[in-house]
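Text of work-v1.txt (compact mmCIF, C-alpha atoms and all ligand atoms) as supplied:
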# COMPACT_ATOMS: atom_id res chain seq x y z
CA MET E 1025 0.00 0.00 0.00
CA THR E 1026 1.22 3.52 -0.67
CA SER E 1027 2.02 5.19 2.64
CA ALA E 1028 0.26 8.48 3.19
CA ARG E 1029 2.37 11.54 3.99
CA LYS E 1030 2.88 11.68 7.72
CA PRO E 1031 1.26 14.59 9.56
CA ALA E 1032 3.54 17.02 11.38
CA ARG E 1033 4.83 15.77 14.71
CA ARG E 1034 2.31 16.42 17.46
CA PRO E 1035 3.78 18.21 20.46
CA PHE E 1036 3.72 16.40 23.80
CA GLY E 1037 1.38 18.44 25.99
CA GLN E 1038 2.81 20.48 28.83
CA ALA E 1039 -0.18 19.92 31.09
CA GLY E 1040 -1.73 16.54 31.72
CA ARG E 1041 -5.33 15.72 30.78
CA GLU E 1042 -8.24 14.27 32.68
CA VAL E 1043 -8.70 10.51 32.58
CA ASP E 1044 -12.06 10.65 30.75
CA ASP E 1045 -10.66 13.02 28.15
CA VAL E 1046 -7.64 10.78 27.51
CA ILE E 1047 -9.74 7.63 27.22
CA ALA E 1048 -12.27 9.35 24.97
CA GLU E 1049 -9.52 10.28 22.53
CA LEU E 1050 -8.24 6.70 22.50
CA GLY E 1051 -11.78 5.61 21.71
CA ARG E 1052 -11.85 7.98 18.73
CA LYS E 1053 -8.45 6.77 17.52
CA ARG E 1054 -9.87 3.26 17.25
CA GLU E 1055 -12.69 4.27 14.92
CA ASP E 1056 -10.76 3.37 11.75
CA ASP E 1057 -9.42 0.06 13.09
CA VAL E 1058 -10.72 -3.22 11.70
CA ARG E 1059 -14.01 -4.24 13.27
CA TRP E 1060 -12.79 -7.52 14.69
CA ALA E 1061 -15.65 -7.77 17.17
CA ASP E 1062 -18.05 -8.07 14.19
CA GLY E 1063 -16.11 -11.11 12.95
CA ARG E 1064 -15.06 -9.27 9.78
CA THR E 1065 -11.34 -9.98 10.07
CA PHE E 1066 -9.76 -13.33 9.40
CA GLY E 1067 -6.84 -13.42 11.78
CA LEU E 1068 -5.22 -10.69 13.91
CA VAL E 1069 -7.75 -11.03 16.73
CA TYR E 1070 -9.23 -14.28 18.02
CA ASP E 1071 -12.50 -14.03 19.85
CA GLY E 1072 -13.35 -16.81 22.27
CA GLY E 1073 -16.69 -15.25 23.25
CA PRO E 1074 -18.02 -13.11 26.12
CA THR E 1075 -16.98 -15.26 29.09
CA VAL E 1076 -13.47 -15.68 27.67
CA HIS E 1077 -13.23 -11.89 27.39
CA ASP E 1078 -14.54 -11.53 30.91
CA VAL E 1079 -12.05 -13.88 32.53
CA ALA E 1080 -9.14 -12.45 30.50
CA GLU E 1081 -10.06 -8.86 31.37
CA LYS E 1082 -10.38 -9.62 35.07
CA ALA E 1083 -7.03 -11.46 35.13
CA ALA E 1084 -5.46 -8.62 33.12
CA ALA E 1085 -6.67 -6.05 35.62
CA LEU E 1086 -5.13 -8.10 38.47
CA TYR E 1087 -1.78 -8.44 36.69
CA LEU E 1088 -1.54 -5.17 34.77
CA HIS E 1089 1.39 -3.95 36.86
CA GLU E 1090 3.19 -7.17 37.81
CA ASN E 1091 6.67 -7.99 36.53
CA ALA E 1092 7.84 -11.51 35.75
CA LEU E 1093 11.47 -10.35 35.52
CA ASN E 1094 11.95 -11.73 39.00
CA THR E 1095 9.76 -14.67 39.98
CA HIS E 1096 11.22 -14.63 43.50
CA ALA E 1097 9.43 -11.33 43.97
CA PHE E 1098 6.36 -12.60 42.11
CA PRO E 1099 6.19 -16.35 42.80
CA SER E 1100 2.63 -16.38 41.43
CA LEU E 1101 4.04 -15.64 37.97
CA GLY E 1102 6.55 -18.47 38.31
CA SER E 1103 3.72 -20.82 39.10
CA ILE E 1104 1.52 -19.41 36.32
CA GLN E 1105 4.33 -19.95 33.82
CA SER E 1106 5.06 -23.47 34.96
CA GLU E 1107 1.39 -24.50 34.97
CA VAL E 1108 0.65 -23.09 31.52
CA VAL E 1109 3.81 -24.67 30.10
CA GLY E 1110 2.92 -27.99 31.74
CA TRP E 1111 -0.64 -28.00 30.37
CA THR E 1112 0.70 -27.20 26.91
CA ALA E 1113 3.28 -29.99 27.18
CA ASP E 1114 0.41 -32.39 27.99
CA LEU E 1115 -1.60 -31.18 25.00
CA LEU E 1116 1.43 -31.66 22.75
CA ASN E 1117 2.18 -35.12 24.18
CA GLY E 1118 5.48 -34.02 25.64
CA PRO E 1119 7.35 -36.58 27.74
CA GLU E 1120 7.71 -36.04 31.51
CA THR E 1121 11.04 -34.33 30.81
CA ALA E 1122 9.51 -31.67 28.53
CA SER E 1123 10.09 -28.14 29.74
CA GLY E 1124 9.75 -24.65 28.40
CA PHE E 1125 8.90 -21.03 29.00
CA LEU E 1126 6.28 -18.48 28.17
CA THR E 1127 7.30 -15.83 25.66
CA SER E 1128 5.65 -12.72 24.25
CA GLY E 1129 4.53 -14.45 21.05
CA GLY E 1130 5.30 -16.84 18.25
CA THR E 1131 8.19 -14.80 16.94
CA GLU E 1132 9.94 -14.77 20.30
CA SER E 1133 9.35 -18.52 20.76
CA ILE E 1134 10.87 -19.13 17.33
CA LEU E 1135 13.84 -16.86 18.03
CA CYS E 1136 14.45 -18.79 21.24
CA ALA E 1137 14.36 -22.08 19.30
CA VAL E 1138 16.87 -20.78 16.75
CA LYS E 1139 19.19 -19.55 19.50
CA ALA E 1140 18.92 -22.86 21.38
CA ALA E 1141 19.79 -24.82 18.24
CA ARG E 1142 22.80 -22.61 17.55
CA GLU E 1143 24.09 -23.02 21.12
CA ARG E 1144 23.57 -26.77 21.11
CA GLY E 1145 25.51 -27.05 17.85
CA ARG E 1146 28.33 -24.92 19.22
CA ILE E 1147 28.60 -26.69 22.57
CA GLU E 1148 27.96 -30.31 21.53
CA ARG E 1149 29.42 -30.31 18.03
CA GLY E 1150 31.83 -27.37 17.99
CA ILE E 1151 29.98 -25.69 15.11
CA THR E 1152 31.15 -22.12 14.52
CA SER E 1153 29.30 -21.48 11.23
CA PRO E 1154 25.80 -22.71 12.05
CA GLU E 1155 23.26 -23.36 9.32
CA MET E 1156 19.53 -24.02 9.29
CA VAL E 1157 17.20 -25.60 6.76
CA VAL E 1158 13.65 -24.38 6.22
CA SER E 1159 11.18 -24.36 3.33
CA ALA E 1160 9.56 -21.58 1.32
CA SER E 1161 6.45 -21.73 3.50
CA THR E 1162 8.35 -21.49 6.80
CA HIS E 1163 7.40 -18.40 8.76
CA ALA E 1164 9.41 -15.20 8.25
CA ALA E 1165 10.36 -15.26 11.94
CA PHE E 1166 12.92 -17.99 11.18
CA HIS E 1167 14.60 -15.68 8.67
CA LYS E 1168 14.60 -13.03 11.37
CA GLY E 1169 16.25 -15.57 13.69
CA ALA E 1170 18.95 -16.38 11.14
CA HIS E 1171 19.52 -12.65 10.65
CA LEU E 1172 19.72 -11.87 14.37
CA PHE E 1173 21.76 -14.84 15.49
CA GLY E 1174 24.11 -15.18 12.53
CA LEU E 1175 23.00 -18.47 10.99
CA THR E 1176 23.13 -19.27 7.29
CA LEU E 1177 19.65 -20.20 6.11
CA HIS E 1178 18.85 -22.63 3.32
CA LYS E 1179 15.34 -22.52 1.89
CA ALA E 1180 13.87 -25.52 0.10
CA PRO E 1181 10.86 -25.21 -2.22
CA VAL E 1182 7.42 -26.64 -1.48
CA ASN E 1183 5.69 -29.53 -3.24
CA ASP E 1184 2.55 -29.17 -5.37
CA ASP E 1185 0.49 -29.77 -2.22
CA TRP E 1186 2.34 -26.83 -0.53
CA THR E 1187 4.11 -29.05 2.03
CA ALA E 1188 7.87 -28.66 2.40
CA ASP E 1189 9.90 -30.58 -0.18
CA VAL E 1190 11.77 -32.83 2.25
CA ASN E 1191 14.02 -34.30 -0.46
CA ALA E 1192 15.21 -30.83 -1.31
CA MET E 1193 15.69 -30.11 2.39
CA ALA E 1194 17.80 -33.27 2.74
CA GLU E 1195 20.14 -31.94 0.02
CA MET E 1196 20.70 -28.81 2.11
CA VAL E 1197 21.58 -30.58 5.37
CA ASN E 1198 25.32 -30.76 6.07
CA GLU E 1199 27.77 -31.03 8.98
CA ASN E 1200 27.04 -27.41 9.99
CA THR E 1201 23.28 -27.91 10.21
CA VAL E 1202 22.00 -27.10 13.70
CA LEU E 1203 18.29 -26.73 12.95
CA VAL E 1204 15.72 -28.21 10.58
CA VAL E 1205 12.22 -26.72 10.62
CA GLY E 1206 8.75 -28.06 9.88
CA SER E 1207 5.36 -26.40 10.39
CA ALA E 1208 2.08 -27.73 11.75
CA PRO E 1209 0.42 -26.20 9.92
CA GLN E 1210 2.38 -23.71 7.84
CA TYR E 1211 0.81 -20.25 7.65
CA PRO E 1212 0.36 -19.48 3.92
CA GLN E 1213 -1.83 -22.44 2.85
CA GLY E 1214 -2.46 -24.16 6.19
CA VAL E 1215 -1.03 -27.62 5.45
CA ILE E 1216 1.02 -29.78 7.82
CA ASP E 1217 4.56 -30.61 6.67
CA ASP E 1218 5.87 -34.18 6.77
CA ILE E 1219 7.14 -33.82 10.33
CA PRO E 1220 8.38 -37.43 10.78
CA ALA E 1221 10.60 -37.09 7.69
CA ILE E 1222 11.86 -33.66 8.73
CA ALA E 1223 12.56 -34.85 12.28
CA SER E 1224 14.51 -37.87 11.09
CA LEU E 1225 16.56 -35.64 8.79
CA ALA E 1226 17.46 -33.50 11.79
CA ALA E 1227 18.16 -36.45 14.07
CA ALA E 1228 20.48 -38.05 11.52
CA ALA E 1229 22.48 -34.80 11.42
CA GLY E 1230 22.52 -34.44 15.23
CA ALA E 1231 20.57 -31.21 14.78
CA ASN E 1232 17.48 -29.79 16.45
CA CYS E 1233 14.09 -30.19 14.81
CA HIS E 1234 11.70 -27.37 15.59
CA VAL E 1235 8.01 -27.75 14.78
CA ASP E 1236 6.35 -24.39 14.29
CA ALA E 1237 2.89 -24.99 15.75
CA CYS E 1238 2.29 -21.32 16.46
CA MET E 1239 -0.95 -21.67 14.50
CA GLY E 1240 -1.73 -25.31 15.16
CA GLY E 1241 -0.68 -25.77 18.77
CA PHE E 1242 -4.09 -24.89 20.15
CA VAL E 1243 -6.10 -26.39 17.28
CA LEU E 1244 -4.59 -29.74 16.26
CA PRO E 1245 -4.80 -31.40 19.71
CA PHE E 1246 -8.51 -30.62 19.80
CA ALA E 1247 -9.11 -31.48 16.13
CA GLU E 1248 -7.66 -34.89 16.94
CA ARG E 1249 -10.08 -35.26 19.85
CA LEU E 1250 -12.89 -34.39 17.42
CA GLY E 1251 -11.86 -37.35 15.27
CA ARG E 1252 -10.25 -35.30 12.50
CA ASP E 1253 -7.38 -36.87 10.62
CA VAL E 1254 -4.25 -35.09 11.93
CA ALA E 1255 -0.88 -36.10 10.48
CA PRO E 1256 1.77 -36.74 13.19
CA TRP E 1257 3.43 -33.51 14.27
CA ASP E 1258 3.94 -33.27 18.05
CA PHE E 1259 6.37 -34.79 20.59
CA ARG E 1260 5.08 -38.26 19.70
CA VAL E 1261 7.28 -37.88 16.61
CA GLU E 1262 10.78 -39.03 17.46
CA GLY E 1263 13.44 -36.44 16.70
CA VAL E 1264 11.23 -33.40 17.34
CA THR E 1265 13.26 -31.39 19.85
CA SER E 1266 11.21 -28.19 20.25
CA ILE E 1267 7.73 -26.86 19.47
CA SER E 1268 6.24 -23.36 19.56
CA ALA E 1269 2.51 -22.88 20.23
CA ASP E 1270 0.78 -19.50 20.46
CA ILE E 1271 -1.85 -19.09 23.14
CA HIS E 1272 -2.64 -15.64 21.78
CA LYS E 1273 -3.93 -17.12 18.54
CA LEU E 1274 -6.42 -19.98 18.70
CA GLY E 1275 -5.69 -20.37 22.42
CA TYR E 1276 -7.95 -17.28 22.64
CA ALA E 1277 -5.80 -15.42 25.18
CA PRO E 1278 -5.15 -11.72 24.61
CA LYS E 1279 -1.97 -10.73 22.80
CA GLY E 1280 1.50 -11.29 24.15
CA VAL E 1281 1.79 -14.95 25.01
CA SER E 1282 3.20 -18.09 23.43
CA VAL E 1283 4.84 -21.29 24.65
CA ILE E 1284 8.27 -22.59 23.65
CA LEU E 1285 8.72 -26.22 24.65
CA HIS E 1286 11.81 -28.41 24.52
CA ARG E 1287 11.78 -32.19 24.77
CA THR E 1288 14.10 -32.13 27.81
CA LYS E 1289 15.40 -29.66 30.34
CA GLU E 1290 18.92 -30.24 28.93
CA LEU E 1291 17.75 -29.02 25.53
CA ARG E 1292 16.04 -26.06 27.18
CA LYS E 1293 19.35 -25.00 28.77
CA PHE E 1294 20.67 -23.97 25.35
CA GLN E 1295 17.93 -21.34 25.19
CA THR E 1296 18.66 -19.52 28.43
CA PHE E 1297 21.20 -16.82 29.18
CA LEU E 1298 22.96 -16.67 32.55
CA PHE E 1299 25.30 -13.84 33.46
CA ASP E 1300 26.98 -12.73 36.68
CA ASP E 1301 29.74 -10.30 35.70
CA TRP E 1302 28.44 -6.76 36.04
CA LEU E 1303 27.60 -4.59 39.02
CA GLY E 1304 23.88 -5.44 39.16
CA GLY E 1305 23.79 -9.06 40.29
CA PHE E 1306 23.01 -12.47 38.84
CA TYR E 1307 20.99 -12.23 35.62
CA ALA E 1308 19.10 -15.33 34.49
CA SER E 1309 17.03 -14.83 31.38
CA PRO E 1310 14.54 -17.41 30.09
CA ASN E 1311 13.78 -15.68 26.80
CA LEU E 1312 14.54 -12.46 24.95
CA GLN E 1313 12.88 -10.09 27.39
CA GLY E 1314 14.12 -8.36 30.47
CA THR E 1315 11.28 -6.66 32.27
CA ARG E 1316 8.35 -8.87 31.47
CA SER E 1317 4.67 -8.08 31.84
CA GLY E 1318 2.71 -10.47 34.01
CA LEU E 1319 -0.51 -9.46 32.26
CA PRO E 1320 -0.45 -11.76 29.22
CA MET E 1321 0.81 -14.68 31.30
CA ALA E 1322 -1.97 -14.36 33.87
CA ALA E 1323 -4.62 -13.75 31.20
CA ALA E 1324 -3.50 -16.89 29.35
CA TRP E 1325 -3.62 -18.89 32.58
CA ALA E 1326 -7.13 -17.62 33.26
CA VAL E 1327 -8.41 -18.31 29.73
CA MET E 1328 -7.00 -21.84 29.75
CA GLN E 1329 -8.52 -22.55 33.17
CA HIS E 1330 -11.85 -21.11 32.10
CA LEU E 1331 -12.05 -23.11 28.88
CA GLY E 1332 -10.54 -26.43 29.88
CA ILE E 1333 -10.06 -29.09 27.25
CA GLU E 1334 -13.83 -29.27 26.70
CA GLY E 1335 -14.06 -25.55 26.03
CA TYR E 1336 -11.23 -25.74 23.49
CA VAL E 1337 -12.78 -28.76 21.80
CA ALA E 1338 -16.06 -26.84 21.43
CA LEU E 1339 -14.30 -23.75 20.03
CA THR E 1340 -12.29 -25.92 17.64
CA LYS E 1341 -15.43 -27.71 16.47
CA GLN E 1342 -16.99 -24.33 15.67
CA THR E 1343 -13.78 -23.08 14.04
CA LEU E 1344 -13.48 -26.10 11.76
CA ALA E 1345 -17.19 -25.92 10.85
CA ASN E 1346 -16.67 -22.23 9.97
CA ALA E 1347 -13.58 -23.07 7.90
CA ASP E 1348 -15.32 -25.93 6.07
CA GLN E 1349 -18.24 -23.62 5.26
CA VAL E 1350 -15.88 -20.92 3.95
CA ARG E 1351 -13.95 -23.39 1.77
CA ALA E 1352 -17.11 -24.95 0.34
CA GLY E 1353 -18.56 -21.50 -0.37
CA ILE E 1354 -15.40 -20.21 -2.06
CA ASN E 1355 -15.07 -23.26 -4.27
CA GLU E 1356 -18.66 -22.71 -5.46
CA ILE E 1357 -17.85 -19.19 -6.66
CA ASP E 1358 -16.87 -19.13 -10.31
CA GLY E 1359 -13.29 -17.87 -10.66
CA LEU E 1360 -12.05 -18.65 -7.14
CA VAL E 1361 -10.21 -21.65 -5.71
CA THR E 1362 -8.67 -22.46 -2.34
CA LEU E 1363 -5.05 -23.61 -2.15
CA GLY E 1364 -3.96 -26.76 -0.35
CA ASP E 1365 -5.85 -29.67 1.14
CA GLY E 1366 -7.93 -27.44 3.36
CA ALA E 1367 -8.24 -29.62 6.42
CA PHE E 1368 -7.91 -27.04 9.17
CA HIS E 1369 -8.51 -23.38 9.97
CA LEU E 1370 -6.38 -21.59 7.38
CA VAL E 1371 -7.82 -20.76 3.98
CA ALA E 1372 -5.91 -19.23 1.07
CA ILE E 1373 -8.10 -17.84 -1.72
CA SER E 1374 -6.65 -17.64 -5.19
CA ALA E 1375 -7.90 -16.95 -8.70
CA ASP E 1376 -8.90 -20.06 -10.61
CA PRO E 1377 -5.90 -20.51 -12.95
CA ASN E 1378 -8.12 -22.35 -15.45
CA ASP E 1379 -10.26 -19.27 -15.94
CA SER E 1380 -9.98 -17.74 -19.42
CA ASP E 1381 -9.53 -14.35 -17.73
CA PRO E 1382 -8.29 -15.02 -14.17
CA LEU E 1383 -9.46 -12.57 -11.51
CA ASP E 1384 -7.10 -10.03 -10.01
CA ILE E 1385 -7.17 -11.35 -6.45
CA PHE E 1386 -5.78 -8.12 -4.97
CA ALA E 1387 -8.53 -6.11 -6.67
CA LEU E 1388 -10.89 -8.53 -4.95
CA ALA E 1389 -9.25 -7.70 -1.59
CA ASP E 1390 -9.82 -3.99 -2.26
CA ALA E 1391 -13.47 -4.64 -3.04
CA LEU E 1392 -13.94 -6.70 0.11
CA GLY E 1393 -12.34 -3.87 2.07
CA ARG E 1394 -14.98 -1.47 0.74
CA TYR E 1395 -17.61 -3.72 2.33
CA GLY E 1396 -15.70 -3.81 5.63
CA TRP E 1397 -14.05 -7.24 5.31
CA TYR E 1398 -10.34 -7.43 6.03
CA LEU E 1399 -8.13 -10.12 4.47
CA ASP E 1400 -4.32 -10.16 4.28
CA ARG E 1401 -2.79 -10.20 0.81
CA GLN E 1402 -0.04 -12.75 0.43
CA GLY E 1403 2.13 -14.36 -2.21
CA PRO E 1404 3.54 -15.78 -4.29
CA PRO E 1405 1.14 -16.80 -5.67
CA ASP E 1406 -1.23 -13.82 -5.32
CA SER E 1407 -3.74 -14.99 -2.75
CA LEU E 1408 -5.80 -13.78 0.18
CA HIS E 1409 -5.12 -15.31 3.55
CA SER E 1410 -7.76 -16.07 6.10
CA THR E 1411 -7.24 -17.52 9.53
CA ILE E 1412 -10.71 -18.75 10.45
CA SER E 1413 -11.61 -18.96 14.11
CA ASN E 1414 -14.54 -18.78 16.44
CA SER E 1415 -14.46 -15.02 15.76
CA ASN E 1416 -16.18 -15.60 12.43
CA THR E 1417 -19.11 -17.56 13.82
CA GLY E 1418 -22.42 -16.29 12.47
CA VAL E 1419 -21.07 -14.06 9.70
CA ILE E 1420 -19.98 -16.60 7.12
CA GLU E 1421 -23.07 -16.51 4.94
CA ASP E 1422 -22.90 -12.73 4.83
CA TYR E 1423 -19.19 -12.99 3.97
CA LEU E 1424 -19.72 -15.51 1.17
CA ASP E 1425 -22.55 -13.38 -0.30
CA THR E 1426 -20.26 -10.36 -0.29
CA LEU E 1427 -17.42 -12.36 -1.77
CA GLY E 1428 -19.66 -13.50 -4.63
CA ARG E 1429 -20.79 -9.92 -5.23
CA CYS E 1430 -17.20 -8.62 -5.16
CA VAL E 1431 -16.06 -11.24 -7.69
CA LYS E 1432 -18.71 -9.94 -10.11
CA GLU E 1433 -17.69 -6.35 -9.43
CA VAL E 1434 -13.97 -6.84 -10.06
CA ARG E 1435 -14.16 -9.21 -13.03
CA GLY E 1436 -12.13 -7.66 -15.83
CA THR E 1437 -10.61 -5.01 -13.56
CA SER E 1438 -7.21 -4.90 -11.89
CA THR E 1439 -5.29 -2.90 -9.31
CA ASP E 1440 -1.76 -1.55 -9.72
CA ASP E 1441 -1.06 -2.21 -6.05
CA ARG E 1442 0.79 -5.54 -5.92
CA SER E 1443 2.03 -5.15 -2.36
CA THR E 1444 1.37 -7.85 0.19
CA THR E 1445 0.60 -7.17 3.83
CA TYR E 1446 1.47 -9.66 6.52
CA ALA E 1447 3.10 -7.11 8.78
CA THR E 1448 3.85 -3.40 8.46
CA LEU E 1449 6.27 -0.88 9.94
CA ASP E 1450 4.48 2.32 10.87
C1 LIG X 1501 1.67 -16.31 13.82
C2 LIG X 1501 2.72 -17.24 13.42
C3 LIG X 1501 4.05 -17.04 13.80
C4 LIG X 1501 4.51 -15.78 14.48
O1 LIG X 1501 3.87 -15.55 15.68
P1 LIG X 1501 3.65 -14.10 16.29
O2 LIG X 1501 2.86 -14.40 17.51
O3 LIG X 1501 2.90 -13.30 15.27
O4 LIG X 1501 4.97 -13.50 16.59
C5 LIG X 1501 4.94 -18.00 13.44
N1 LIG X 1501 4.59 -19.09 12.76
C6 LIG X 1501 3.32 -19.31 12.36
C7 LIG X 1501 2.98 -20.55 11.60
C8 LIG X 1501 2.35 -18.39 12.68
O5 LIG X 1501 1.09 -18.58 12.28

As structure tokens - that is how I would like this structure written.
Ligand SMILES: *Cc1c(COP(=O)(O)O)cnc(C)c1O
Amino acid sequence: MTSARKPARRPFGQAGREVDDVIAELGRKREDDVRWADGRTFGLVYDGGPTVHDVAEKAAALYLHENALNTHAFPSLGSIQSEVVGWTADLLNGPETASGFLTSGGTESILCAVKAARERGRIERGITSPEMVVSASTHAAFHKGAHLFGLTLHKAPVNDDWTADVNAMAEMVNENTVLVVGSAPQYPQGVIDDIPAIASLAAAAGANCHVDACMGGFVLPFAERLGRDVAPWDFRVEGVTSISADIHKLGYAPKGVSVILHRTKELRKFQTFLFDDWLGGFYASPNLQGTRSGLPMAAAWAVMQHLGIEGYVALTKQTLANADQVRAGINEIDGLVTLGDGAFHLVAISADPNDSDPLDIFALADALGRYGWYLDRQGPPDSLHSTISNSNTGVIEDYLDTLGRCVKEVRGTSTDDRSTTYATLD
């Protein structure tokens, strides 16, 4: 998108303002934001319903000011972290030895996994030029990790079904490989990679295998309980050494919380940073943060306790019904197709390549935006991404009607704006 010219810098007021006045202005600032509470966004915000909001807001109010930097001062946060991590380890079939930490989100969990793999390679195998192997669908956060922590990254293509091409990945593994990555599911098309094959590649090289279940961690365990066919992806797969799972996505907790799990405490050690050589005292750091808000941790604890496994199974049932309805509806619209096998909650909409005059999918996104529906543009190939969740319950028919209308409106038109929008700067 073309960025509008920035307005002149607004001076910071000399005098303070009344609480009501301040809050009223914040309210006005939000007027142009996406209307997630109406279910008209696919991703970004995940709405578990009124009682989930209630319990999260009450926990957030209790923990708004608390700091998990020092769990000796706030033992409640130590216990919150260890309980949430333990419940997640159970959901992901972690062995008794599994251990992990809470982080601020999927990206931080992934960065921790990359750092842990680098340290394990250095300490156990003497690797000074660490390398990692991912695929084209692997989340951008792994590239960020390679960039930050100085790893060379090799990127394999994907197969026709959008899963990682494991044969191509095998070609890229060498004696410097410290990390091999699979996703369950990957973000762009929502398919699960061949995790057993990826894990055995990593194990044969003595490297870590990280499964990125940022999206799937709080869906797949419940989909399995619902009797859905879920390809093996969690700690039951031998060779998987770490998994990331975001509670602030389909775990329905407010933003700022994810779990990074390692198969053993020994593997977890490579993630942490311990330091005792400055004037301020012993510094033990579980993740990338220093001062660390207790709010998201406590809110996640509260949401998980409120929902229980039964609550998550019910939300997942609704989510998958919503996703199935969206996929069926899209595939009935002339000119549109979905990409991938479409088993779970991610749906990528693309123009039907067999069309004599394929639709401009980004022009379609613009048209949907005019009706108040927000979808991320992604590619290649040009497609619109939707993360379906319980948030979209009750609006799907309206959405599909609008989608059909927009397809008719944009047929034969195109937009010059080819930019994609997963994340933006300012
Ligand atoms: C969302 C996501 C991430 C990144 O998580 P953030 O919480 O946005 O930092 C990584 N991998 C996958 C598959 C994701 O869906």

Nearest candidate to E:Val1109 (options E:Ser1268, E:Thr1065, E:Thr1176, E:Thr1152; using all atoms listed in the file):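 Ranking E:Ser1268, E:Thr1065, E:Thr1176, E:Thr1152 by distance to E:Val1109, first place goes to E:Ser1268.
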
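Our summary of the geometry notes that atom CA of E:Asp1301 is positioned 21.9 Å from atom CA of E:Ala1092.
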
Residues within 9 Å of ligand LIG 1501 (chain X), counting all atoms listed in the file, as a VMD selection string: chain E and resid 1068 1128 to 1134 1161 to 1166 1207 to 1212 1214 1236 to 1240 1268 to 1273 1279 to 1282 1411 1447

Residue contacts of E:Ser1159 (9 Å, all atoms listed in the file) excluding same-chain residues fewer than 6 positions away, as a ChimeraX atom specification: /E:1178-1182,1187-1190,1192-1193,1205-1206

Got a sec: who's within 8 Å of E:Gly1072, counting all atoms listed in the file, leaving out chain neighbours fewer than 4 positions off, as a JSON list (two decimals) with C-alpha atoms, in the frame of the given file?
[["chain", "number", "residue", "atom", "x", "y", "z"],
["E", 1076, "VAL", "CA", -13.47, -15.68, 27.67],
["E", 1077, "HIS", "CA", -13.23, -11.89, 27.39],
["E", 1276, "TYR", "CA", -7.95, -17.28, 22.64],
["E", 1339, "LEU", "CA", -14.30, -23.75, 20.03],
["E", 1414, "ASN", "CA", -14.54, -18.78, 16.44],
["E", 1415, "SER", "CA", -14.46, -15.02, 15.76]]

Atom CA of E:Arg1287 to atom CA of E:Val1138, straight-line distance in Å: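 So the two atoms, atom CA of E:Val1138 and atom CA of E:Arg1287, lie 14.8 Å apart.
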
Option closest in space to E:Gly1275, from E:Leu1135, E:Ala1323, E:Val1157, E:Ala1085 [counting all atoms listed in the file]: E:Ala1323

Can you list, as a compact mmCIF listing (two decimals) with C-alpha atoms, in the coordinates of the input, every protein, DNA or RNA residue that comes within 12 Å of E:Thr1095 when you count all atoms listed in the file, leaving out same-chain residues fewer than 4 positions away?
# COMPACT_ATOMS: atom_id res chain seq x y z
CA GLU E 1090 3.19 -7.17 37.81
CA ASN E 1091 6.67 -7.99 36.53
CA PRO E 1099 6.19 -16.35 42.80
CA SER E 1100 2.63 -16.38 41.43
CA LEU E 1101 4.04 -15.64 37.97
CA GLY E 1102 6.55 -18.47 38.31
CA SER E 1103 3.72 -20.82 39.10
CA ILE E 1104 1.52 -19.41 36.32
CA GLN E 1105 4.33 -19.95 33.82
CA SER E 1106 5.06 -23.47 34.96
CA ALA E 1308 19.10 -15.33 34.49
CA SER E 1309 17.03 -14.83 31.38
CA PRO E 1310 14.54 -17.41 30.09
CA THR E 1315 11.28 -6.66 32.27
CA ARG E 1316 8.35 -8.87 31.47
CA SER E 1317 4.67 -8.08 31.84
CA GLY E 1318 2.71 -10.47 34.01

Minimum-distance residue to E:Val1419, chosen among E:Ala1061, E:Ala1039, E:Ala1338, E:Val1434 (using only C-alpha atoms):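 Looking at the shortest contact to E:Val1419, the residue is E:Ala1061.
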
Pairwise distance for atom CA of E:Glu1421 and atom CA of E:Phe1066, rounded to one decimal in Å: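 Separation of atom CA of E:Glu1421 and atom CA of E:Phe1066: 14.4 Å.
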
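Nearest-residue note for E:Phe1259: choosing from E:His1171, E:His1286, E:Lys1082, E:Arg1401, the minimum distance belongs to E:His1286, counting only C-alpha atoms.
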
Point (-17.6, -19.5, -8.6) neighbourhood (10 Å, all atoms listed in the file) written as JSON, numbers by chain: {"E": [1353, 1354, 1355, 1356, 1357, 1358, 1359, 1360, 1361, 1376, 1427, 1428, 1431, 1432]}

Which residue of E:Ser1443, E:Gly1396, E:Ala1226, E:Glu1148 approaches E:Asp1062 most closely, using only C-alpha atoms: E:Gly1396

Using only C-alpha atoms: which of E:Leu1175, E:Ala1227, E:Ala1322, E:Ile1373 has the shortest distance to E:Asn1200: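 Among the listed residues, the smallest separation from E:Asn1200 belongs to E:Leu1175.
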
9 Å contact set for E:Thr1444, all atoms listed in the file, chain neighbours under 6 positions out, as a ChimeraX atom specification: /E:1025,1386,1400-1403,1406

Once 4 Å is added on each side, what are the centre and the three edge lengths, in Å to one decimal, of the axis-aligned box enclosing the listed atoms of stretch 1426-1437 of chain E? Present them as lines of an AutoDock Vina configuration file.
center_x = -15.7
center_y = -9.3
center_z = -8.1
size_x = 18.2
size_y = 16.5
size_z = 23.5

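With all atoms listed in the file taken into account, the protein and nucleic acid residues at most 8 Å from E:Tyr1307 (excluding it and anything under 3 positions from it in its own chain) are Phe1297, Leu1298, Phe1299 and Asp1300 of chain E.
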
Just write stretch 1324-1332 of chain E with C-alpha atoms, as a CSV table (one decimal), in the first residue's frame, taken from the block above.
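Resulting contents of out-v5.csv:
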chain,number,residue,atom,x,y,z
E,1324,ALA,CA,-3.5,-16.9,29.4
E,1325,TRP,CA,-3.6,-18.9,32.6
E,1326,ALA,CA,-7.1,-17.6,33.3
E,1327,VAL,CA,-8.4,-18.3,29.7
E,1328,MET,CA,-7.0,-21.8,29.7
E,1329,GLN,CA,-8.5,-22.6,33.2
E,1330,HIS,CA,-11.9,-21.1,32.1
E,1331,LEU,CA,-12.1,-23.1,28.9
E,1332,GLY,CA,-10.5,-26.4,29.9
